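What follows is upload35.cif (mmCIF, C-alpha atoms).
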data_data
loop_
_atom_site.label_atom_id
_atom_site.label_comp_id
_atom_site.auth_asym_id
_atom_site.auth_seq_id
_atom_site.Cartn_x
_atom_site.Cartn_y
_atom_site.Cartn_z
CA MET A 283 -6.28 2.37 -23.85
CA HIS A 284 -5.03 5.81 -22.75
CA THR A 285 -6.98 8.96 -23.42
CA PRO A 286 -5.05 12.10 -24.45
CA THR A 287 -5.30 13.44 -20.89
CA GLU A 288 -3.67 10.40 -19.30
CA PRO A 289 0.13 10.28 -19.10
CA LEU A 290 1.77 7.10 -20.34
CA VAL A 291 3.31 5.97 -17.06
CA PRO A 292 5.73 3.01 -17.06
CA PRO A 293 4.75 0.08 -14.83
CA ARG A 294 6.11 0.18 -11.31
CA PRO A 295 9.39 -1.80 -11.03
CA PRO A 296 9.15 -5.05 -9.01
CA GLY A 297 9.78 -4.49 -5.33
CA VAL A 298 9.15 -0.71 -5.47
CA ALA A 299 6.29 -0.03 -3.06
CA HIS A 300 5.78 3.66 -3.76
CA ASP A 301 4.30 5.14 -6.91
CA LEU A 302 7.38 7.10 -7.94
CA ARG A 303 5.66 8.54 -10.99
CA HIS A 304 2.79 10.15 -9.11
CA HIS A 305 3.14 13.94 -9.11
CA GLY A 306 1.03 16.83 -7.89
CA ASP A 307 -0.52 17.54 -11.28
CA ALA A 308 -2.45 14.28 -10.97
CA GLU A 309 -4.47 15.87 -8.16
CA VAL A 310 -5.85 18.60 -10.43
CA ARG A 311 -5.85 17.04 -13.90
CA ASP A 312 -9.28 17.29 -15.56
CA ALA A 313 -10.66 18.97 -12.43
CA GLY A 314 -11.69 22.27 -13.99
CA ALA A 315 -10.86 25.83 -13.04
CA ASP A 316 -12.95 25.90 -9.88
CA LEU A 317 -10.57 23.67 -7.90
CA VAL A 318 -8.21 25.59 -5.63
CA ASP A 319 -4.78 24.12 -6.37
CA LEU A 320 -2.66 23.49 -3.28
CA ALA A 321 -1.19 20.35 -4.83
CA VAL A 322 1.17 21.75 -7.48
CA ASN A 323 4.21 23.75 -6.37
CA VAL A 324 4.13 26.32 -9.17
CA ARG A 325 3.80 29.93 -8.02
CA ALA A 326 0.29 31.21 -8.61
CA GLY A 327 -0.34 34.04 -11.07
CA THR A 328 2.54 33.11 -13.33
CA PRO A 329 4.11 33.50 -15.81
CA PRO A 330 4.13 37.30 -15.51
CA ALA A 331 3.05 39.38 -18.51
CA TRP A 332 6.58 40.47 -19.43
CA LEU A 333 7.71 36.84 -19.58
CA ARG A 334 4.72 35.80 -21.68
CA GLU A 335 5.61 38.61 -24.09
CA ARG A 336 9.24 37.45 -24.35
CA VAL A 337 8.16 33.89 -25.04
CA ALA A 338 5.56 35.03 -27.58
CA ALA A 339 8.16 37.14 -29.38
CA SER A 340 10.24 34.00 -30.00
CA ILE A 341 7.45 32.38 -32.02
CA GLY A 342 8.54 34.26 -35.12
CA SER A 343 11.83 32.30 -35.12
CA LEU A 344 10.29 28.83 -35.02
CA ALA A 345 11.37 28.06 -38.60
CA ALA A 346 15.00 28.10 -37.42
CA TYR A 347 16.59 25.39 -35.31
CA PRO A 348 17.01 26.43 -31.65
CA ASP A 349 20.27 28.17 -30.80
CA GLY A 350 20.98 27.93 -27.09
CA ARG A 351 24.18 29.94 -26.94
CA ALA A 352 22.66 33.20 -25.67
CA ALA A 353 20.59 31.45 -23.01
CA ARG A 354 23.61 29.42 -21.91
CA ARG A 355 25.69 32.58 -21.56
CA ALA A 356 22.89 34.22 -19.57
CA VAL A 357 22.62 31.31 -17.14
CA ALA A 358 26.42 31.20 -16.74
CA ALA A 359 26.60 34.94 -16.03
CA ARG A 360 23.72 34.66 -13.55
CA HIS A 361 25.78 32.16 -11.50
CA GLY A 362 29.24 33.62 -12.15
CA LEU A 363 30.41 30.49 -13.94
CA PRO A 364 31.99 29.81 -17.34
CA GLN A 365 29.38 28.83 -19.92
CA GLU A 366 31.08 25.44 -20.23
CA CYS A 367 29.66 24.73 -16.76
CA VAL A 368 26.04 25.06 -17.96
CA LEU A 369 23.82 22.54 -19.71
CA LEU A 370 20.30 23.62 -20.69
CA THR A 371 17.66 20.91 -20.37
CA ALA A 372 13.98 20.34 -21.07
CA GLY A 373 13.14 20.86 -17.42
CA ALA A 374 15.08 19.47 -14.47
CA ALA A 375 13.35 16.12 -15.04
CA GLU A 376 15.36 15.60 -18.23
CA ALA A 377 18.55 16.13 -16.24
CA PHE A 378 17.71 13.17 -13.99
CA VAL A 379 17.42 10.92 -17.04
CA LEU A 380 20.72 12.22 -18.41
CA LEU A 381 22.45 11.59 -15.10
CA ALA A 382 21.08 8.05 -14.88
CA ARG A 383 22.53 7.35 -18.32
CA PHE A 384 25.79 9.14 -17.58
CA LEU A 385 26.64 7.21 -14.41
CA PRO A 386 28.72 4.01 -14.74
CA PRO A 387 26.60 1.12 -16.00
CA PRO A 388 24.96 -1.19 -13.45
CA GLY A 389 27.26 -4.03 -12.46
CA SER A 390 30.49 -2.09 -13.04
CA ASP A 391 33.21 -1.79 -10.40
CA ALA A 392 32.00 1.71 -9.51
CA TRP A 393 29.11 0.09 -7.63
CA ARG A 394 31.11 -2.50 -5.69
CA ASP A 395 30.08 -0.79 -2.43
CA GLY A 396 26.39 -0.49 -3.42
CA GLY A 397 24.21 1.35 -5.90
CA PRO A 398 23.55 5.07 -6.20
CA VAL A 399 22.12 6.55 -3.01
CA VAL A 400 18.94 8.65 -3.02
CA VAL A 401 18.17 10.57 0.17
CA HIS A 402 14.45 10.35 0.96
CA PRO A 403 11.82 11.65 1.40
CA GLN A 404 12.41 13.70 -1.73
CA PHE A 405 11.21 14.25 -5.29
CA THR A 406 10.80 10.75 -6.69
CA GLU A 407 11.82 11.31 -10.32
CA PRO A 408 15.57 10.84 -9.66
CA GLU A 409 15.01 7.35 -8.29
CA ALA A 410 12.56 6.51 -11.08
CA ALA A 411 15.13 7.54 -13.70
CA LEU A 412 17.85 5.50 -12.01
CA LEU A 413 15.63 2.43 -11.85
CA ASP A 414 14.68 2.84 -15.52
CA ALA A 415 18.40 2.83 -16.36
CA GLY A 416 18.84 -0.48 -14.53
CA HIS A 417 20.51 0.82 -11.39
CA ARG A 418 19.97 -0.78 -7.98
CA VAL A 419 19.11 2.22 -5.84
CA GLU A 420 20.10 2.45 -2.19
CA ARG A 421 17.88 4.62 0.01
CA VAL A 422 18.84 6.76 2.98
CA VAL A 423 15.52 7.60 4.62
CA LEU A 424 15.52 10.61 6.92
CA GLU A 425 13.40 10.43 10.06
CA GLU A 426 10.48 12.48 11.28
CA ARG A 427 11.96 12.52 14.78
CA ASP A 428 14.96 14.39 13.35
CA GLY A 429 12.78 16.84 11.45
CA PHE A 430 13.80 15.07 8.22
CA ARG A 431 17.18 16.78 8.46
CA LEU A 432 20.25 15.32 6.80
CA ASP A 433 23.09 13.84 8.81
CA PRO A 434 25.91 13.34 6.26
CA ALA A 435 27.22 10.43 8.34
CA ARG A 436 24.15 8.39 7.37
CA VAL A 437 25.25 8.27 3.73
CA PRO A 438 27.51 5.23 3.10
CA ALA A 439 31.11 6.38 2.74
CA GLY A 440 31.64 4.25 -0.35
CA ALA A 441 28.61 5.52 -2.29
CA ALA A 442 29.73 6.50 -5.79
CA ALA A 443 26.65 8.69 -6.37
CA VAL A 444 24.34 10.55 -3.97
CA VAL A 445 21.15 12.46 -4.86
CA VAL A 446 19.57 14.94 -2.43
CA GLY A 447 17.10 17.81 -2.74
CA ASN A 448 17.60 21.27 -1.23
CA PRO A 449 15.18 22.60 -0.16
CA THR A 450 13.70 19.14 -0.15
CA ASN A 451 10.37 18.28 -1.71
CA PRO A 452 8.07 17.46 0.11
CA THR A 453 9.52 18.08 3.59
CA SER A 454 10.39 21.77 2.99
CA VAL A 455 13.69 21.28 4.81
CA LEU A 456 16.58 23.52 3.75
CA HIS A 457 19.77 21.60 4.48
CA PRO A 458 22.87 23.63 5.39
CA ALA A 459 25.32 23.96 2.52
CA ARG A 460 28.07 22.68 4.79
CA ALA A 461 26.16 19.43 5.35
CA LEU A 462 25.77 18.93 1.61
CA ALA A 463 29.38 19.88 0.93
CA ALA A 464 30.42 17.23 3.45
CA LEU A 465 29.01 14.62 1.06
CA ALA A 466 31.42 15.64 -1.72
CA ARG A 467 34.50 13.47 -2.07
CA PRO A 468 36.85 12.13 -4.76
CA GLY A 469 35.26 9.44 -6.89
CA ARG A 470 31.70 10.45 -6.00
CA THR A 471 29.01 12.21 -8.04
CA LEU A 472 27.00 14.45 -5.72
CA VAL A 473 23.69 15.57 -7.25
CA VAL A 474 21.81 18.40 -5.52
CA ASP A 475 18.33 19.18 -6.80
CA GLU A 476 17.83 22.91 -6.23
CA ALA A 477 14.55 23.22 -8.11
CA PHE A 478 13.05 25.32 -5.29
CA ILE A 479 16.11 27.25 -4.10
CA ASP A 480 15.04 30.42 -5.92
CA ALA A 481 11.99 30.48 -3.63
CA VAL A 482 14.40 30.88 -0.68
CA PRO A 483 15.33 34.54 -0.05
CA GLY A 484 18.95 35.04 -1.03
CA GLU A 485 19.10 31.45 -2.34
CA ARG A 486 20.76 30.58 0.95
CA GLU A 487 22.55 27.22 1.24
CA SER A 488 22.96 26.82 -2.52
CA LEU A 489 25.95 24.92 -3.89
CA ALA A 490 25.60 26.48 -7.36
CA GLY A 491 28.75 28.55 -6.99
CA LEU A 492 30.80 25.62 -5.71
CA VAL A 493 30.32 23.08 -8.48
CA THR A 494 33.93 23.39 -9.65
CA GLU A 495 35.46 23.73 -6.17
CA LEU A 496 34.28 20.71 -4.18
CA PRO A 497 36.10 17.37 -4.34
CA GLY A 498 34.75 14.75 -6.73
CA ARG A 499 31.95 15.68 -9.12
CA THR A 500 29.20 18.07 -8.00
CA VAL A 501 26.08 18.49 -10.11
CA VAL A 502 23.45 21.12 -9.25
CA LEU A 503 20.06 21.03 -10.99
CA ARG A 504 17.86 24.09 -11.39
CA SER A 505 14.35 24.58 -12.71
CA LEU A 506 12.59 27.68 -14.01
CA THR A 507 9.24 25.95 -13.67
CA LYS A 508 8.32 26.77 -10.09
CA THR A 509 8.96 30.47 -9.65
CA TRP A 510 8.05 31.51 -13.19
CA GLY A 511 5.12 29.18 -13.96
CA LEU A 512 6.72 27.43 -16.94
CA ALA A 513 5.81 23.80 -16.32
CA GLY A 514 4.33 23.53 -19.80
CA LEU A 515 7.41 25.01 -21.47
CA ARG A 516 9.98 22.60 -19.94
CA ILE A 517 13.13 24.53 -19.14
CA GLY A 518 15.83 23.88 -16.56
CA TYR A 519 19.59 23.52 -16.44
CA VAL A 520 22.57 21.69 -14.98
CA LEU A 521 25.57 23.33 -13.33
CA SER A 522 28.74 21.27 -13.04
CA ASP A 523 32.35 21.09 -14.18
CA PRO A 524 32.96 21.33 -17.95
CA GLU A 525 33.87 17.66 -18.33
CA THR A 526 30.65 16.49 -16.67
CA VAL A 527 28.53 18.97 -18.64
CA ALA A 528 30.05 17.76 -21.90
CA ALA A 529 29.47 14.13 -20.95
CA LEU A 530 25.83 14.78 -20.04
CA ALA A 531 25.30 16.68 -23.29
CA ARG A 532 26.34 13.61 -25.27
CA HIS A 533 23.26 11.84 -23.91
CA GLN A 534 20.89 14.57 -25.15
CA PRO A 535 19.15 14.47 -28.52
CA LEU A 536 19.82 17.27 -30.96
CA TRP A 537 18.09 20.58 -30.12
CA PRO A 538 16.64 19.36 -26.80
CA VAL A 539 15.34 22.78 -25.70
CA SER A 540 12.85 24.72 -27.83
CA SER A 541 13.35 28.31 -28.94
CA PRO A 542 10.53 29.64 -26.69
CA ALA A 543 12.09 27.85 -23.70
CA LEU A 544 15.49 29.32 -24.53
CA ALA A 545 13.95 32.78 -24.71
CA ALA A 546 12.42 32.23 -21.27
CA ALA A 547 15.74 31.07 -19.80
CA GLU A 548 17.52 34.14 -21.07
CA ALA A 549 14.79 36.47 -19.83
CA CYS A 550 14.63 34.91 -16.35
CA CYS A 551 18.36 35.48 -15.83
CA GLU A 552 18.23 39.23 -16.39
CA PRO A 553 18.77 41.50 -13.36
CA ALA A 554 15.17 42.73 -13.28
CA ALA A 555 13.89 39.15 -13.31
CA LEU A 556 16.25 38.10 -10.52
CA ALA A 557 15.07 41.06 -8.44
CA GLU A 558 11.45 40.07 -9.07
CA ALA A 559 12.22 36.46 -8.06
CA GLU A 560 13.77 37.71 -4.83
CA ARG A 561 10.68 39.77 -4.02
CA ALA A 562 8.51 36.74 -4.78
CA ALA A 563 10.64 34.63 -2.41
CA GLU A 564 10.14 37.19 0.35
CA ARG A 565 6.37 37.20 -0.23
CA THR A 566 6.36 33.42 -0.15
CA ALA A 567 8.14 33.47 3.21
CA ALA A 568 5.51 35.83 4.60
CA ASP A 569 2.64 33.79 3.15
CA ARG A 570 4.17 30.61 4.54
CA ALA A 571 4.35 32.15 8.01
CA HIS A 572 0.66 33.01 7.74
CA LEU A 573 -0.15 29.46 6.62
CA LEU A 574 1.81 27.93 9.49
CA GLY A 575 0.13 30.22 11.98
CA ARG A 576 -3.33 29.27 10.77
CA LEU A 577 -2.52 25.55 10.64
CA ALA A 578 -1.33 25.75 14.25
CA GLU A 579 -4.98 26.36 15.19
CA PHE A 580 -5.61 22.68 14.43
CA GLY A 581 -3.95 20.35 16.91
CA GLU A 582 -4.77 17.38 14.69
CA LEU A 583 -2.37 18.65 12.01
CA GLY A 584 1.26 17.88 12.83
CA GLN A 585 4.03 19.65 10.89
CA ALA A 586 7.01 17.81 9.46
CA THR A 587 9.57 20.45 10.36
CA ALA A 588 9.58 23.41 12.70
CA ASP A 589 11.33 25.60 10.13
CA PRO A 590 10.03 24.96 6.59
CA ARG A 591 11.76 26.99 3.91
CA ALA A 592 10.21 25.93 0.59
CA PRO A 593 6.98 27.16 -1.07
CA PHE A 594 5.11 24.22 0.46
CA VAL A 595 4.69 22.55 3.84
CA LEU A 596 4.25 18.93 4.86
CA VAL A 597 1.58 18.14 7.44
CA ARG A 598 0.45 14.99 9.21
CA HIS A 599 -3.11 13.88 9.96
CA ALA A 600 -4.36 10.53 11.24
CA ASP A 601 -6.81 10.27 8.32
CA ALA A 602 -4.91 12.23 5.69
CA ALA A 603 -6.33 10.19 2.82
CA GLY A 604 -9.90 10.81 3.94
CA LEU A 605 -9.19 14.47 4.65
CA ARG A 606 -7.72 14.89 1.17
CA GLU A 607 -10.91 13.53 -0.39
CA ARG A 608 -13.14 15.69 1.79
CA LEU A 609 -11.14 18.79 0.92
CA ARG A 610 -11.46 17.93 -2.74
CA ALA A 611 -15.23 17.79 -2.32
CA GLU A 612 -14.94 21.32 -0.89
CA GLY A 613 -13.06 22.44 -4.01
CA ILE A 614 -9.50 22.27 -2.66
CA ALA A 615 -6.79 19.96 -4.02
CA VAL A 616 -3.84 18.93 -1.82
CA ARG A 617 -0.97 16.56 -2.55
CA ARG A 618 -0.98 13.08 -1.04
CA GLY A 619 2.27 12.22 0.73
CA ASP A 620 2.27 8.44 0.68
CA THR A 621 3.92 8.22 -2.76
CA PHE A 622 7.19 9.55 -1.28
CA PRO A 623 9.51 6.88 0.17
CA GLY A 624 9.81 7.48 3.88
CA LEU A 625 6.25 8.76 4.22
CA ASP A 626 2.94 6.97 4.61
CA ALA A 627 -0.77 7.67 4.30
CA ARG A 628 -0.71 10.14 7.22
CA TRP A 629 0.99 12.90 5.22
CA LEU A 630 -0.20 15.74 2.96
CA ARG A 631 1.76 18.45 1.17
CA LEU A 632 0.24 21.94 0.91
CA ALA A 633 1.49 24.61 -1.48
CA VAL A 634 1.98 28.08 -0.03
CA ARG A 635 -0.52 30.52 -1.50
CA ASP A 636 -1.71 34.04 -0.69
CA ARG A 637 -3.44 34.75 2.60
CA ALA A 638 -6.95 34.73 1.16
CA THR A 639 -6.41 31.22 -0.22
CA THR A 640 -4.95 30.04 3.07
CA ASP A 641 -7.94 31.44 4.94
CA ARG A 642 -10.26 29.57 2.58
CA LEU A 643 -8.37 26.37 3.38
CA VAL A 644 -8.73 27.07 7.10
CA ARG A 645 -12.47 27.62 6.80
CA ALA A 646 -12.77 24.35 4.91
CA LEU A 647 -10.77 22.48 7.56
CA ALA A 648 -12.93 23.93 10.33
CA GLY A 649 -16.09 23.09 8.40
CA LEU A 650 -14.90 19.49 8.05
CA GLY A 651 -14.52 19.20 11.80
CA VAL A 652 -10.71 19.22 11.95
CA ARG A 653 -9.69 20.29 15.44
#
In structure tokens, what does this structure look like?
Amino acid sequence: MHTPTEPLVPPRPPGVAHDLRHHGDAEVRDAGADLVDLAVNVRAGTPPAWLRERVAASIGSLAAYPDGRAARRAVAARHGLPQECVLLTAGAAEAFVLLARFLPPPGSDAWRDGGPVVVHPQFTEPEAALLDAGHRVERVVLEERDGFRLDPARVPAGAAAVVVGNPTNPTSVLHPARALAALARPGRTLVVDEAFIDAVPGERESLAGLVTELPGRTVVLRSLTKTWGLAGLRIGYVLSDPETVAALARHQPLWPVSSPALAAAEACCEPAALAEAERAAERTAADRAHLLGRLAEFGELGQATADPRAPFVLVRHADAAGLRERLRAEGIAVRRGDTFPGLDARWLRLAVRDRATTDRLVRALAGLGVR
């Protein structure tokens, strides 16, 4: 029997070795406020006061059904796209479920050359949603020796659907837009998860502005959870061509996004908010450089990529599982890496935090005898 604090997680599909439904929040759930959270990739100190006020102001309209038109227009204007190219969702996670339902049914001719391709290591929810919809997922697993960087030639030419993250969770690799664009072709649905792209200064390498220009069908997913601290509100969106957006919308229930979430979406697309997000991205880059410099003091910690670009880094340790438990005993939570396909029990993901928090982590590592 589940307690209210335990998520109702579906059983793992047969033959799936990794726990695709394990996420960073499991590392801190029920842990209390004293645990330093390096496991969840939500920017610390959020949401800001002005955003809390905007969300609170929407409470007075809860008697009315949600009206997403203003938020949709705001998102469209933010990306320079027609509003018909925007679909608002209850977080980016909902979009993965919609896409799994939208794709041709398993067993149809669309999959004669194999099932939908998911590029790993990456966020596991896309594959979980595809499996739940009955799809036979094909994996392209990037290699540590290549810095987990994408070579478009590794993706089967006949794949009718490809899912890739950019920057990728958990590797922190930012793939060049040209490499991602090379995956677009007639007859293919290319899905790019850009949940962390607003933590990259200038949102470099984004395909958001190209969703109607590339061959085939391009779908870009965005989340407002990470930068603005809205995981509990559930708000994200899809950018694609109008036909795809309309088809995805047909798989949504009525009023899928709450009024407070719509208010947040509209607020986060305003010029002042975008400027604040850019400043936050620049601070994150500086804090990440400090984290990498301090981690370099420990030869036992190997880094997944020489040039991480996301608000987290992936590190390797011979006894990562034991180190994770020892850090927890010191009051610090980090994310296990072995639930990501392509990784094993040697990997840990660390969220980028301010310098004082990083220095606390370093003192804990030194105190635990990491060298």
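Run against this file, the PyMOL selection byres ((chain A and resi 418) around 6) gives back A:Gly397, A:His417, A:Val419.
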Would you mind exporting C-alpha atoms of the selected residues as a PDB file, in the coordinates of the input?
ATOM      1  CA  GLY A 397      24.210   1.350  -5.900  1.00  0.00           C
ATOM      2  CA  HIS A 417      20.510   0.820 -11.390  1.00  0.00           C
ATOM      3  CA  VAL A 419      19.110   2.220  -5.840  1.00  0.00           C
TER       4      VAL A 419
END
Neighbour list for Val520 in chain A as a list in words, cut-off 6 Å, all atoms listed in the file, skip fewer than 6 positions in-chain:
Val368, Leu369, Val502 and Leu503 of chain A
Mind running range 453-492 of chain A against range 320-332 of chain A at 12 Å and telling me each contacting residue's nearest atom pair with the distance in Å (one decimal), counting all atoms listed in the file, chain and number ascending, as a tab-separated table?
residue	atom	partner	partner_atom	distance
A:Ser454	CA	A:Asn323	CA	11.4
A:Ala477	CA	A:Asn323	CA	10.5
A:Phe478	CA	A:Asn323	CA	9.0
A:Asp480	CA	A:Arg325	CA	11.4
A:Ala481	CA	A:Arg325	CA	9.3
Counting all atoms listed in the file, which residues of range 481-598 of chain A fall within 12 Å of range 603-616 of chain A, and what is the closest atom pair for each with its distance in Å at one decimal, ordered by chain and rising number, as JSON lines?
{"residue": "A:Glu582", "atom": "CA", "partner": "A:Leu605", "partner_atom": "CA", "distance": 11.3}
{"residue": "A:Leu583", "atom": "CA", "partner": "A:Leu605", "partner_atom": "CA", "distance": 10.9}
{"residue": "A:Phe594", "atom": "CA", "partner": "A:Val616", "partner_atom": "CA", "distance": 10.6}
{"residue": "A:Val595", "atom": "CA", "partner": "A:Val616", "partner_atom": "CA", "distance": 10.9}
{"residue": "A:Leu596", "atom": "CA", "partner": "A:Val616", "partner_atom": "CA", "distance": 10.5}
{"residue": "A:Val597", "atom": "CA", "partner": "A:Val616", "partner_atom": "CA", "distance": 10.8}
{"residue": "A:Arg598", "atom": "CA", "partner": "A:Ala603", "partner_atom": "CA", "distance": 10.5}
In terms of all atoms listed in the file, the residue from A:Pro538, A:Gly484, A:Gly619, A:Gly581 at minimal distance from Ala648 in chain A is A:Gly581
Centre and edge lengths, as JSON, for the axis-aligned box enclosing every listed atom of range 427-435 of chain A with 5 Å of padding on each of the six sides, in Å to one decimal?
{"center_x": 19.6, "center_y": 13.6, "center_z": 10.5, "size_x": 25.3, "size_y": 16.4, "size_z": 18.5}
Tell me which residues the PyMOL selection byres ((chain A and resi 492) around 12) grabs here, as a VMD selection string.
chain A and resid 361 to 363 367 459 to 460 462 to 463 466 472 474 487 to 491 493 to 502 521 to 523
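Those residues returned by the PyMOL selection byres ((chain A and resi 392) around 12) for this file are Leu385, Pro386, Pro387, Pro388, Gly389, Ser390, Asp391, Trp393, Arg394, Asp395, Gly396, Gly397, Pro398, His417, Gly440, Ala441, Ala442, Ala443, Gly469, Arg470 and Thr471 of chain A.
The residue that comes closest to Thr507 in chain A, out of A:Leu647, A:Ala531, A:Ala546, A:Ala554 and on the basis of all atoms listed in the file, is A:Ala546.
Closest to Arg645 in chain A among A:Gly624, A:Ala435, A:Glu579, A:Glu376 is A:Glu579, based on all atoms listed in the file.
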One decimal, Å: what's the distance from CA of Val455 in chain A over to CA of Pro593 in chain A, could you say?
10.7 Å
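CA of His305 in chain A is found 13.8 Å from CA of Pro403 in chain A.
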Minimum-distance residue to Pro542 in chain A, chosen among A:Val634, A:Ile341, A:Ala374, A:Leu302 (using only C-alpha atoms)
A:Ile341
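Across A:Ala563, A:Ala571, A:Ala646, A:Leu380, the tightest approach to Ala415 in chain A is made by A:Leu380 when counting only C-alpha atoms.
Take CA of Val444 in chain A and CA of Val400 in chain A: the distance between them is 5.8 Å.
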Find the residues near Ala588 in chain A: any atom within 12 Å, counting only C-alpha atoms, skip ones fewer than 2 places away on the same chain, and give them as a PyMOL selection string.
chain A and resi 426-431+453-456+571+574-575+578+584-586+590-591+595-597
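Nearest residue to Arg642 in chain A, choosing from A:Ala562, A:Leu412, A:Ala375, A:Val318 and counting only C-alpha atoms: A:Val318.
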Excluding Val401 in chain A and any residue of its chain fewer than 5 positions from it, enumerate the residues within 8 Å of it, using only C-alpha atoms, and give them as a PyMOL selection string.
chain A and resi 421-424+444-447
Repair of range 386-401 of chain A at the level of N, CA, C and O atoms, as a compact mmCIF listing (two decimals), in the frame of the given file:
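Saved file rebuild19.txt follows:
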# COMPACT_ATOMS: atom_id res chain seq x y z
N PRO A 386 28.20 5.31 -14.30
CA PRO A 386 28.72 4.01 -14.74
C PRO A 386 27.61 2.98 -14.84
O PRO A 386 26.66 3.01 -14.05
N PRO A 387 27.69 2.09 -15.81
CA PRO A 387 26.60 1.12 -16.00
C PRO A 387 26.43 0.21 -14.79
O PRO A 387 27.39 -0.07 -14.07
N PRO A 388 25.20 -0.25 -14.56
CA PRO A 388 24.96 -1.19 -13.45
C PRO A 388 25.88 -2.41 -13.59
O PRO A 388 26.12 -2.90 -14.69
N GLY A 389 26.39 -2.86 -12.46
CA GLY A 389 27.26 -4.03 -12.46
C GLY A 389 28.73 -3.71 -12.60
O GLY A 389 29.57 -4.61 -12.47
N SER A 390 29.08 -2.44 -12.88
CA SER A 390 30.49 -2.09 -13.04
C SER A 390 31.14 -1.96 -11.66
O SER A 390 30.48 -1.91 -10.62
N ASP A 391 32.47 -1.86 -11.66
CA ASP A 391 33.21 -1.79 -10.40
C ASP A 391 32.87 -0.55 -9.58
O ASP A 391 33.09 -0.53 -8.37
N ALA A 392 32.34 0.49 -10.25
CA ALA A 392 32.00 1.71 -9.51
C ALA A 392 30.98 1.45 -8.41
O ALA A 392 30.92 2.19 -7.42
N TRP A 393 30.19 0.38 -8.57
CA TRP A 393 29.11 0.09 -7.63
C TRP A 393 29.46 -1.08 -6.70
O TRP A 393 28.56 -1.69 -6.12
N ARG A 394 30.74 -1.35 -6.53
CA ARG A 394 31.11 -2.50 -5.69
C ARG A 394 30.68 -2.32 -4.23
O ARG A 394 30.49 -3.29 -3.50
N ASP A 395 30.52 -1.06 -3.80
CA ASP A 395 30.08 -0.79 -2.43
C ASP A 395 28.59 -0.49 -2.35
O ASP A 395 28.10 -0.02 -1.31
N GLY A 396 27.83 -0.75 -3.41
CA GLY A 396 26.39 -0.49 -3.42
C GLY A 396 26.01 0.45 -4.53
O GLY A 396 26.85 1.11 -5.15
N GLY A 397 24.71 0.53 -4.80
CA GLY A 397 24.21 1.35 -5.90
C GLY A 397 24.16 2.82 -5.55
O GLY A 397 24.53 3.23 -4.44
N PRO A 398 23.70 3.65 -6.49
CA PRO A 398 23.55 5.07 -6.20
C PRO A 398 22.58 5.29 -5.04
O PRO A 398 21.58 4.58 -4.90
N VAL A 399 22.90 6.26 -4.21
CA VAL A 399 22.12 6.55 -3.01
C VAL A 399 21.19 7.73 -3.28
O VAL A 399 21.62 8.77 -3.78
N VAL A 400 19.91 7.56 -2.95
CA VAL A 400 18.94 8.65 -3.02
C VAL A 400 18.46 8.93 -1.60
O VAL A 400 18.03 8.01 -0.89
N VAL A 401 18.58 10.17 -1.17
CA VAL A 401 18.17 10.57 0.17
C VAL A 401 16.69 10.90 0.14
O VAL A 401 16.26 11.80 -0.58
